[in-house]
$ cat start.tsv   # TSV, C-alpha atoms
chain	number	residue	atom	x	y	z
A	444	MET	CA	176.31	136.66	116.79
A	445	SER	CA	178.28	139.91	116.59
A	446	ILE	CA	176.99	143.10	118.18
A	447	GLN	CA	176.97	144.78	114.79
A	448	THR	CA	174.73	142.08	113.28
A	449	MET	CA	172.42	142.30	116.29
A	450	THR	CA	172.18	146.10	115.90
A	451	THR	CA	171.35	145.72	112.21
A	452	LEU	CA	168.62	143.19	112.97
A	453	TRP	CA	167.05	145.32	115.71
A	454	ALA	CA	167.29	148.51	113.65
A	455	ALA	CA	165.64	146.71	110.71
A	456	THR	CA	162.91	145.19	112.91
A	457	LEU	CA	161.96	148.39	114.71
A	458	GLY	CA	162.60	150.78	111.81
A	459	THR	CA	160.45	148.76	109.42
A	460	SER	CA	157.68	148.55	112.01
A	461	LEU	CA	157.74	152.28	112.70
A	462	VAL	CA	157.62	153.34	109.05
A	463	ALA	CA	154.98	150.69	108.26
A	464	PHE	CA	152.69	152.12	110.94
A	465	LEU	CA	153.32	155.73	109.96
A	466	LEU	CA	152.41	154.87	106.36
A	467	LYS	CA	149.21	153.13	107.44
A	468	TYR	CA	148.23	155.95	109.80
A	469	SER	CA	149.00	158.67	107.27
A	470	GLY	CA	146.57	157.05	104.85
A	471	HIS	CA	143.80	157.42	107.42
A	472	SER	CA	144.74	161.03	108.16
A	473	VAL	CA	145.69	162.91	104.99
A	474	PRO	CA	143.09	164.38	102.59
A	475	GLU	CA	142.03	161.85	99.95
A	476	ARG	CA	143.11	164.00	96.98
A	477	TRP	CA	146.80	163.85	98.07
A	478	LEU	CA	147.11	160.17	97.26
A	479	SER	CA	144.43	159.54	94.66
A	480	HIS	CA	146.37	160.98	91.71
A	481	PRO	CA	146.45	158.44	88.83
A	482	LYS	CA	150.24	158.59	88.61
A	483	ILE	CA	150.55	157.69	92.30
A	484	GLN	CA	148.09	154.84	91.79
A	485	ARG	CA	150.07	153.53	88.83
A	486	ILE	CA	153.43	153.76	90.59
A	487	ASN	CA	151.85	151.97	93.52
A	488	ALA	CA	150.87	149.09	91.24
A	489	PHE	CA	154.35	148.88	89.70
A	490	ILE	CA	156.53	149.09	92.82
A	491	PRO	CA	155.52	145.71	94.33
A	492	ILE	CA	156.04	144.01	90.95
A	493	ALA	CA	159.53	145.49	90.63
A	494	LEU	CA	160.66	144.86	94.20
A	495	LEU	CA	159.19	141.37	94.57
A	496	SER	CA	160.63	140.22	91.23
A	497	ALA	CA	164.04	141.57	92.21
A	498	LEU	CA	163.76	139.77	95.54
A	499	VAL	CA	162.89	136.47	93.83
A	500	ALA	CA	165.98	136.81	91.64
A	501	VAL	CA	168.43	137.91	94.32
A	502	GLN	CA	167.19	135.35	96.84
A	503	SER	CA	167.46	132.56	94.27
A	504	PHE	CA	170.83	133.31	92.68
A	505	SER	CA	173.03	135.16	95.15
A	506	GLN	CA	174.94	134.80	98.37
A	507	LYS	CA	175.83	138.28	99.67
A	508	THR	CA	177.21	140.02	96.55
A	509	GLN	CA	178.17	136.81	94.71
A	510	LEU	CA	176.06	135.16	92.06
A	511	MET	CA	175.67	131.40	92.29
A	512	ILE	CA	173.52	128.57	91.09
A	513	ASP	CA	172.63	125.86	93.60
A	514	GLN	CA	169.66	123.82	94.85
A	515	ARG	CA	167.54	126.99	94.99
A	516	LEU	CA	167.28	126.97	91.18
A	517	VAL	CA	165.42	123.66	91.41
A	518	GLY	CA	163.13	125.08	94.07
A	519	LEU	CA	162.41	128.12	91.91
A	520	CYS	CA	161.59	126.02	88.84
A	521	VAL	CA	159.26	123.82	90.88
A	522	ALA	CA	157.56	126.93	92.33
A	523	ILE	CA	157.02	128.34	88.82
A	524	ALA	CA	155.59	125.01	87.67
A	525	ALA	CA	153.26	124.93	90.68
A	526	LEU	CA	152.05	128.47	89.96
A	527	LEU	CA	151.48	127.64	86.29
A	528	LEU	CA	149.33	124.71	87.48
A	529	LYS	CA	147.41	127.25	89.63
A	530	ALA	CA	148.49	125.63	92.89
A	531	PRO	CA	147.56	127.53	96.08
A	532	PHE	CA	150.29	129.44	97.94
A	533	PRO	CA	151.08	126.79	100.61
A	534	VAL	CA	151.59	124.16	97.90
A	535	VAL	CA	153.90	126.49	95.96
A	536	VAL	CA	156.15	127.18	98.95
A	537	LEU	CA	156.12	123.60	100.20
A	538	SER	CA	156.93	122.01	96.85
A	539	ALA	CA	159.80	124.48	96.35
A	540	ALA	CA	161.18	123.65	99.80
A	541	VAL	CA	160.84	119.88	99.42
A	542	SER	CA	162.48	119.76	95.98
A	543	SER	CA	165.32	122.05	97.03
A	544	ALA	CA	165.92	120.06	100.22
A	545	ALA	CA	165.96	116.83	98.21
A	546	VAL	CA	168.67	118.19	95.90
A	547	TYR	CA	170.68	119.59	98.83
A	548	ASN	CA	170.55	116.37	100.85
A	549	TRP	CA	170.94	113.73	98.16
A	550	LEU	CA	172.94	115.22	95.30
B	714	MET	CA	138.09	130.01	106.43
B	715	SER	CA	140.18	129.64	103.29
B	716	VAL	CA	141.59	133.12	104.00
B	717	SER	CA	142.66	131.90	107.45
B	718	ILE	CA	144.43	128.81	106.13
B	719	THR	CA	146.28	130.82	103.52
B	720	VAL	CA	147.26	133.44	106.09
B	721	GLY	CA	148.42	130.67	108.42
B	722	ALA	CA	150.62	129.20	105.69
B	723	TYR	CA	152.10	132.62	104.89
B	724	GLY	CA	152.69	133.15	108.61
B	725	VAL	CA	154.56	129.87	109.04
B	726	ALA	CA	156.60	130.62	105.93
B	727	PHE	CA	157.43	134.09	107.24
B	728	GLY	CA	158.40	132.95	110.74
B	729	ALA	CA	160.61	130.19	109.35
B	730	ALA	CA	162.16	132.46	106.71
B	731	ALA	CA	162.87	135.21	109.25
B	732	VAL	CA	164.80	132.81	111.50
B	733	ALA	CA	166.53	131.29	108.45
B	734	ASN	CA	167.72	134.80	107.54
B	735	GLY	CA	169.27	135.41	110.97
B	736	PHE	CA	166.45	137.09	112.88
B	737	THR	CA	165.67	135.86	116.41
B	738	VAL	CA	162.27	134.38	117.28
B	739	LEU	CA	161.46	137.54	119.24
B	740	GLN	CA	162.37	139.82	116.32
B	741	SER	CA	160.35	137.67	113.92
B	742	CYS	CA	157.30	137.92	116.17
B	743	LEU	CA	157.75	141.66	116.68
B	744	LEU	CA	157.84	142.15	112.91
B	745	SER	CA	154.51	140.34	112.61
B	746	LEU	CA	152.97	142.21	115.55
B	747	LEU	CA	154.24	145.70	114.74
B	748	THR	CA	154.91	145.81	110.99
B	749	PHE	CA	151.98	143.49	110.18
B	750	SER	CA	152.26	143.61	106.41
B	751	GLY	CA	153.38	140.38	104.73
B	752	ALA	CA	155.25	141.67	101.70
B	753	SER	CA	157.10	144.33	103.73
B	754	GLN	CA	158.11	141.77	106.33
B	755	PHE	CA	159.38	139.29	103.74
B	756	ALA	CA	161.25	142.15	102.06
B	757	VAL	CA	163.12	143.30	105.13
B	758	ILE	CA	164.24	139.80	106.10
B	759	GLY	CA	165.15	139.08	102.47
B	760	VAL	CA	167.33	142.18	102.12
B	761	ILE	CA	169.02	141.73	105.51
B	762	GLY	CA	169.46	137.99	104.86
B	763	ALA	CA	171.17	138.80	101.55
B	764	GLY	CA	173.66	140.96	103.48
B	765	GLY	CA	172.00	144.35	103.01
B	766	SER	CA	172.16	147.16	105.57
B	767	ALA	CA	169.33	148.05	107.96
B	768	ILE	CA	168.60	151.15	105.87
B	769	SER	CA	168.26	149.10	102.64
B	770	GLY	CA	165.96	146.67	104.42
B	771	ILE	CA	163.77	149.41	105.90
B	772	ALA	CA	163.63	151.29	102.58
B	773	THR	CA	162.59	148.22	100.56
B	774	ALA	CA	159.96	147.23	103.13
B	775	SER	CA	158.63	150.79	103.33
B	776	LEU	CA	158.28	151.14	99.56
B	777	LEU	CA	156.11	148.01	99.67
B	778	GLY	CA	154.18	149.50	102.60
B	779	VAL	CA	153.11	152.58	100.63
B	780	ARG	CA	150.09	150.69	99.32
B	781	ASN	CA	148.74	150.40	102.86
B	782	ALA	CA	148.63	154.21	102.98
B	783	LEU	CA	146.52	154.16	99.81
B	784	TYR	CA	144.23	151.57	101.39
B	785	GLY	CA	143.89	153.89	104.39
B	786	VAL	CA	142.75	156.67	102.07
B	787	ILE	CA	140.03	154.37	100.72
B	788	MET	CA	138.93	153.07	104.13
B	789	ALA	CA	139.06	156.23	106.29
B	790	PRO	CA	135.87	157.88	104.95
B	791	ARG	CA	133.99	154.58	105.33
B	792	LEU	CA	135.20	153.78	108.84
B	793	GLN	CA	134.92	157.29	110.35
B	794	VAL	CA	136.96	156.47	113.46
B	795	LYS	CA	139.07	158.65	115.75
B	796	GLY	CA	141.63	158.29	118.54
B	797	LEU	CA	142.64	154.80	119.64
B	798	LYS	CA	140.17	153.19	117.25
B	799	ARG	CA	141.87	154.95	114.35
B	800	VAL	CA	145.26	153.68	115.54
B	801	ILE	CA	143.93	150.12	115.58
B	802	ALA	CA	142.20	150.56	112.22
B	803	ALA	CA	145.45	151.86	110.74
B	804	GLN	CA	147.42	148.88	112.05
B	805	ILE	CA	145.01	146.37	110.46
B	806	THR	CA	144.80	148.25	107.13
B	807	ILE	CA	146.31	145.62	104.81
B	808	ASP	CA	145.56	143.81	101.54
B	809	GLU	CA	143.09	141.34	103.06
B	810	SER	CA	141.00	143.68	105.26
B	811	THR	CA	140.72	146.32	102.52
B	812	GLY	CA	140.00	143.68	99.88
B	813	VAL	CA	137.17	142.08	101.87
B	814	ALA	CA	135.72	145.50	102.74
B	815	LEU	CA	135.68	146.58	99.09
B	816	GLY	CA	134.05	143.26	98.20
B	817	GLN	CA	131.12	144.26	100.44
B	818	GLU	CA	130.69	147.68	98.83
B	819	GLN	CA	127.32	146.92	97.24
B	820	ARG	CA	125.89	145.74	100.57
B	821	GLY	CA	126.43	149.10	102.21
B	822	VAL	CA	128.85	150.82	104.52
B	823	ASP	CA	127.96	148.70	107.57
B	824	ALA	CA	128.86	145.48	105.76
B	825	MET	CA	132.10	147.09	104.62
B	826	ARG	CA	133.00	148.08	108.18
B	827	LYS	CA	132.20	144.58	109.46
B	828	GLY	CA	134.28	142.99	106.69
B	829	PHE	CA	137.20	145.28	107.44
B	830	TRP	CA	137.27	144.75	111.21
B	831	TYR	CA	136.59	141.00	111.25
B	832	THR	CA	139.10	140.27	108.51
B	833	GLY	CA	141.76	142.61	109.88
B	834	ILE	CA	141.58	141.26	113.43
B	835	GLY	CA	141.22	137.64	112.29
B	836	VAL	CA	144.26	137.87	110.03
B	837	PHE	CA	146.21	139.65	112.78
B	838	VAL	CA	145.59	136.78	115.24
B	839	PHE	CA	146.35	134.00	112.73
B	840	TRP	CA	149.36	135.75	111.25
B	841	ASN	CA	151.02	136.23	114.63
B	842	LEU	CA	150.29	132.75	115.97
B	843	PHE	CA	151.64	131.09	112.85
B	844	THR	CA	154.69	133.36	112.71
B	845	LEU	CA	155.61	132.13	116.18
B	846	ALA	CA	155.08	128.50	115.12
B	847	GLY	CA	157.21	128.95	111.98
B	848	ALA	CA	159.99	130.77	113.84
B	849	LEU	CA	160.17	128.11	116.58
B	850	GLY	CA	160.12	125.37	113.96
B	851	ALA	CA	162.98	126.88	111.98
B	852	GLN	CA	164.97	127.47	115.17
B	853	ALA	CA	164.72	123.75	115.93
B	854	MET	CA	165.94	122.81	112.45
B	855	GLY	CA	169.59	123.83	112.48
B	856	ASP	CA	170.76	123.81	108.85
B	857	VAL	CA	167.80	125.43	107.09
B	858	ARG	CA	169.06	124.37	103.65
B	859	ALA	CA	168.50	120.73	104.56
B	860	PHE	CA	164.79	121.59	104.92
B	861	GLY	CA	164.63	123.70	101.78
B	862	LEU	CA	163.96	126.95	103.63
B	863	ASP	CA	166.44	128.80	101.42
B	864	SER	CA	164.08	128.04	98.52
B	865	ALA	CA	160.89	128.69	100.48
B	866	VAL	CA	161.73	132.39	100.69
B	867	PRO	CA	162.07	133.13	96.96
B	868	ALA	CA	159.05	130.87	96.33
B	869	ALA	CA	157.06	133.00	98.78
B	870	PHE	CA	158.09	136.18	96.93
B	871	LEU	CA	157.12	134.54	93.67
B	872	GLY	CA	153.74	133.60	95.13
B	873	LEU	CA	153.23	137.23	96.20
B	874	VAL	CA	154.12	138.74	92.82
B	875	TRP	CA	152.41	136.14	90.59
B	876	PRO	CA	148.80	137.42	90.95
B	877	ARG	CA	150.01	140.93	90.02
B	878	LEU	CA	151.38	139.81	86.65
B	879	THR	CA	148.09	140.41	84.91
B	880	GLY	CA	149.34	141.51	81.48
B	881	ASN	CA	152.31	141.53	79.16
B	882	PHE	CA	153.48	144.89	80.47
B	883	GLU	CA	153.53	143.65	84.07
B	884	ARG	CA	155.32	140.43	83.08
B	885	THR	CA	157.95	142.35	81.12
B	886	LEU	CA	158.48	144.69	84.07
B	887	ALA	CA	158.89	141.71	86.41
B	888	VAL	CA	161.42	139.87	84.23
B	889	GLY	CA	163.29	143.10	83.50
B	890	CYS	CA	163.61	143.97	87.18
B	891	ALA	CA	164.69	140.42	88.06
B	892	LEU	CA	167.44	140.51	85.40
B	893	PHE	CA	168.48	144.02	86.43
B	894	ALA	CA	168.81	142.97	90.09
B	895	ILE	CA	170.91	139.93	89.15
B	896	ALA	CA	173.16	142.02	86.88
B	897	MET	CA	173.71	144.62	89.63
B	898	THR	CA	174.32	142.11	92.44
B	899	PRO	CA	178.11	141.74	91.92
B	900	ILE	CA	178.49	145.51	91.41
B	901	LEU	CA	176.35	147.26	94.05
B	902	PRO	CA	176.38	146.70	97.83
B	903	ALA	CA	173.85	144.06	98.97
B	904	GLY	CA	170.28	145.35	99.11
B	905	LEU	CA	170.74	148.21	96.65
B	906	PRO	CA	170.04	146.15	93.49
B	907	ILE	CA	166.58	145.47	94.96
B	908	ILE	CA	165.79	149.06	95.95
B	909	ALA	CA	167.05	150.31	92.58
B	910	THR	CA	164.22	148.45	90.83
B	911	ALA	CA	161.68	150.57	92.77
B	912	PHE	CA	163.08	153.63	91.02
B	913	ILE	CA	162.61	151.87	87.69
B	914	ALA	CA	158.97	151.35	88.67
B	915	ILE	CA	158.58	155.00	89.68
B	916	ALA	CA	160.22	156.27	86.47
B	917	ILE	CA	157.96	154.08	84.32
B	918	GLY	CA	154.89	155.08	86.32
B	919	LEU	CA	155.63	158.79	85.83
B	920	LYS	CA	156.26	158.44	82.11
B	921	ARG	CA	153.51	156.12	81.06
$ encode --input "start.tsv" --output "structure tokens"
Amino acid sequence: MSIQTMTTLWAATLGTSLVAFLLKYSGHSVPERWLSHPKIQRINAFIPIALLSALVAVQSFSQKTQLMIDQRLVGLCVAIAALLLKAPFPVVVLSAAVSSAAVYNWL
Amino acid sequence: MSVSITVGAYGVAFGAAAVANGFTVLQSCLLSLLTFSGASQFAVIGVIGAGGSAISGIATASLLGVRNALYGVIMAPRLQVKGLKRVIAAQITIDESTGVALGQEQRGVDAMRKGFWYTGIGVFVFWNLFTLAGALGAQAMGDVRAFGLDSAVPAAFLGLVWPRLTGNFERTLAVGCALFAIAMTPILPAGLPIIATAFIAIAIGLKR
């Protein structure tokens, strides 16, 4: 692994951890009225939906900056089906992995 | 108990996904110990794994971590802790601990405190043990695609976002952001199409 990749990974690991803690600690330390504004609450509900949906899409259909369709599409469809059937989280992830692996290994 | 099993499964998925995205076992475990916030951890490994820079990864993870600050605001007046205890309380302020504590609201502040501490510490222990197991497992696998790990990661994100899609507005936002990120992928540097959707969320939140 190149030194540059290693630096990126360490910077991401430690940087994410530092900011995550500062965010948590700030919540316990700032006056309540700073963060209880309805607009902040609403934005806070929307951000995870936006980011997680974007992550689903990018992780399913891209390799670096290239779009592509491969075995992950099958995994995604199976995961959606599992969620529609109200399967619990472990079943969703496992069924996506198994179906995708099957396509990758045998097709 | 069912919380523990679910957390364990998330932990295994995270550890395996982190290694599949190029992180070492040590880095994967440090993320679970120090960041200790599932969605943020999945986000940083997802962005870096997709070729994004460290800054993009940290920014995406941190935007997802903002909700923990809001949980802290809710919990602080109930916990009334200072010094080292406040540091520990802050670290275990996550979806599960806050959720269980709020579920005990009618039974009084003592029950809330108990729910918060037991859940937070319990999840912390399970999450870290299972991250290690998942990371070691993935390391032993070699080609992660042969085990479907490349699909486990987006499925995990989908599992995280699904319960939040409570109405038509939320579903439209989700599909819109997914399409936007795909459309921007060939144009913007890796990682930015994801972060850009957070600004869509902020703009909509301010307007609505």
$ residues_around --input "start.tsv" --residues "stretch 805-817 of chain B" --least-positions-apart "5" --cutoff "9 Å" --atoms "all atoms listed in the file" --output "MDAnalysis selection string"
(chainID A and resid 467:468) or (chainID B and resid 716 749:751 780:782 784:785 787:788 800 822:834 836:837)
$ residues_near_point --input "start.tsv" --point "(168.0, 142.0, 104.5)" --cutoff "10 Å" --atoms "only C-alpha atoms" --output "list in words"
Thr451, Leu452, Ala455 and Lys507 of chain A; Ala731, Asn734, Gly735, Phe736, Phe755, Ala756, Val757, Ile758, Gly759, Val760, Ile761, Gly762, Ala763, Gly764, Gly765, Ser766, Ala767, Ile768, Ser769, Gly770, Ile771, Thr773, Ala774, Ala903 and Gly904 of chain B
$ closest_residue --input "start.tsv" --among "A:Val501, A:Leu527, A:Leu519, A:Leu510" --to "B:Ile907" --atoms "all atoms listed in the file"
A:Val501
$ interface_residues --input "start.tsv" --of "chain A" --to "chain B" --cutoff "6 Å" --atoms "all atoms listed in the file" --output "PDB file with C-alpha atoms, in the frame of the given file"
ATOM      1  CA  THR A 451     171.350 145.720 112.210  1.00  0.00           C
ATOM      2  CA  ALA A 455     165.640 146.710 110.710  1.00  0.00           C
ATOM      3  CA  THR A 456     162.910 145.190 112.910  1.00  0.00           C
ATOM      4  CA  THR A 459     160.450 148.760 109.420  1.00  0.00           C
ATOM      5  CA  SER A 460     157.680 148.550 112.010  1.00  0.00           C
ATOM      6  CA  ALA A 463     154.980 150.690 108.260  1.00  0.00           C
ATOM      7  CA  LEU A 466     152.410 154.870 106.360  1.00  0.00           C
ATOM      8  CA  LYS A 467     149.210 153.130 107.440  1.00  0.00           C
ATOM      9  CA  TYR A 468     148.230 155.950 109.800  1.00  0.00           C
ATOM     10  CA  GLY A 470     146.570 157.050 104.850  1.00  0.00           C
ATOM     11  CA  HIS A 471     143.800 157.420 107.420  1.00  0.00           C
ATOM     12  CA  GLU A 475     142.030 161.850  99.950  1.00  0.00           C
ATOM     13  CA  ARG A 485     150.070 153.530  88.830  1.00  0.00           C
ATOM     14  CA  ILE A 486     153.430 153.760  90.590  1.00  0.00           C
ATOM     15  CA  PHE A 489     154.350 148.880  89.700  1.00  0.00           C
ATOM     16  CA  ILE A 490     156.530 149.090  92.820  1.00  0.00           C
ATOM     17  CA  PRO A 491     155.520 145.710  94.330  1.00  0.00           C
ATOM     18  CA  ILE A 492     156.040 144.010  90.950  1.00  0.00           C
ATOM     19  CA  ALA A 493     159.530 145.490  90.630  1.00  0.00           C
ATOM     20  CA  LEU A 494     160.660 144.860  94.200  1.00  0.00           C
ATOM     21  CA  LEU A 495     159.190 141.370  94.570  1.00  0.00           C
ATOM     22  CA  SER A 496     160.630 140.220  91.230  1.00  0.00           C
ATOM     23  CA  ALA A 497     164.040 141.570  92.210  1.00  0.00           C
ATOM     24  CA  VAL A 499     162.890 136.470  93.830  1.00  0.00           C
ATOM     25  CA  ALA A 500     165.980 136.810  91.640  1.00  0.00           C
ATOM     26  CA  GLN A 502     167.190 135.350  96.840  1.00  0.00           C
ATOM     27  CA  LYS A 507     175.830 138.280  99.670  1.00  0.00           C
ATOM     28  CA  THR A 508     177.210 140.020  96.550  1.00  0.00           C
ATOM     29  CA  GLN A 509     178.170 136.810  94.710  1.00  0.00           C
ATOM     30  CA  ARG A 515     167.540 126.990  94.990  1.00  0.00           C
ATOM     31  CA  GLY A 518     163.130 125.080  94.070  1.00  0.00           C
ATOM     32  CA  ALA A 522     157.560 126.930  92.330  1.00  0.00           C
ATOM     33  CA  PRO A 533     151.080 126.790 100.610  1.00  0.00           C
ATOM     34  CA  VAL A 536     156.150 127.180  98.950  1.00  0.00           C
ATOM     35  CA  ALA A 539     159.800 124.480  96.350  1.00  0.00           C
ATOM     36  CA  ALA A 540     161.180 123.650  99.800  1.00  0.00           C
ATOM     37  CA  VAL A 541     160.840 119.880  99.420  1.00  0.00           C
ATOM     38  CA  SER A 543     165.320 122.050  97.030  1.00  0.00           C
ATOM     39  CA  ALA A 544     165.920 120.060 100.220  1.00  0.00           C
TER      40      ALA A 544
END
$ atom_distance --input "start.tsv" --atom1 "atom CA of A:Asn548" --atom2 "atom CA of B:Ala733"
17.2 Å
$ atom_distance --input "start.tsv" --atom1 "atom CA of B:Leu845" --atom2 "atom CA of B:Gly728"
6.2 Å
$ atom_distance --input "start.tsv" --atom1 "atom CA of A:Ala545" --atom2 "atom CA of B:Leu842"
28.5 Å
$ build_atoms --input "start.tsv" --residues "stretch 840-863 of chain B" --atoms "N, CA and C atoms" --output "short mmCIF file (atom, residue, chain, number, x, y, z; two decimals), keeping the file's coordinate frame"
data_model
loop_
_atom_site.label_atom_id
_atom_site.label_comp_id
_atom_site.auth_asym_id
_atom_site.auth_seq_id
_atom_site.Cartn_x
_atom_site.Cartn_y
_atom_site.Cartn_z
N TRP B 840 148.03 135.40 111.75
CA TRP B 840 149.36 135.75 111.25
C TRP B 840 150.40 135.67 112.36
N ASN B 841 150.05 136.20 113.53
CA ASN B 841 151.02 136.23 114.63
C ASN B 841 151.23 134.86 115.26
N LEU B 842 150.14 134.10 115.42
CA LEU B 842 150.29 132.75 115.97
C LEU B 842 151.16 131.89 115.06
N PHE B 843 150.91 131.96 113.76
CA PHE B 843 151.64 131.09 112.85
C PHE B 843 153.07 131.58 112.61
N THR B 844 153.30 132.88 112.77
CA THR B 844 154.69 133.36 112.71
C THR B 844 155.51 132.72 113.82
N LEU B 845 154.93 132.73 115.04
CA LEU B 845 155.61 132.13 116.18
C LEU B 845 155.90 130.65 115.92
N ALA B 846 154.89 129.93 115.40
CA ALA B 846 155.08 128.50 115.12
C ALA B 846 156.20 128.29 114.09
N GLY B 847 156.19 129.09 113.02
CA GLY B 847 157.21 128.95 111.98
C GLY B 847 158.60 129.28 112.50
N ALA B 848 158.69 130.34 113.31
CA ALA B 848 159.99 130.77 113.84
C ALA B 848 160.56 129.70 114.77
N LEU B 849 159.70 129.16 115.65
CA LEU B 849 160.17 128.11 116.58
C LEU B 849 160.57 126.86 115.80
N GLY B 850 159.80 126.54 114.78
CA GLY B 850 160.12 125.37 113.96
C GLY B 850 161.46 125.50 113.28
N ALA B 851 161.71 126.66 112.69
CA ALA B 851 162.98 126.88 111.98
C ALA B 851 164.14 126.88 112.96
N GLN B 852 163.91 127.43 114.16
CA GLN B 852 164.97 127.47 115.17
C GLN B 852 165.39 126.06 115.55
N ALA B 853 164.42 125.13 115.55
CA ALA B 853 164.72 123.75 115.93
C ALA B 853 165.42 122.98 114.81
N MET B 854 165.45 123.56 113.60
CA MET B 854 165.94 122.81 112.45
C MET B 854 167.46 122.74 112.32
N GLY B 855 168.15 123.81 112.72
CA GLY B 855 169.59 123.83 112.48
C GLY B 855 169.89 124.30 111.08
N ASP B 856 170.43 123.43 110.22
CA ASP B 856 170.76 123.81 108.85
C ASP B 856 169.48 123.95 108.02
N VAL B 857 169.09 125.20 107.75
CA VAL B 857 167.80 125.43 107.09
C VAL B 857 167.80 124.94 105.64
N ARG B 858 169.01 124.83 105.04
CA ARG B 858 169.06 124.37 103.65
C ARG B 858 168.61 122.92 103.53
N ALA B 859 168.88 122.14 104.58
CA ALA B 859 168.50 120.73 104.56
C ALA B 859 166.98 120.57 104.54
N PHE B 860 166.26 121.64 104.94
CA PHE B 860 164.79 121.59 104.92
C PHE B 860 164.21 122.43 103.79
N GLY B 861 165.09 122.95 102.95
CA GLY B 861 164.63 123.70 101.78
C GLY B 861 164.15 125.11 102.08
N LEU B 862 164.44 125.61 103.29
CA LEU B 862 163.96 126.95 103.63
C LEU B 862 164.58 128.04 102.78
N ASP B 863 165.81 127.79 102.27
CA ASP B 863 166.44 128.80 101.42
C ASP B 863 165.68 128.95 100.10
#
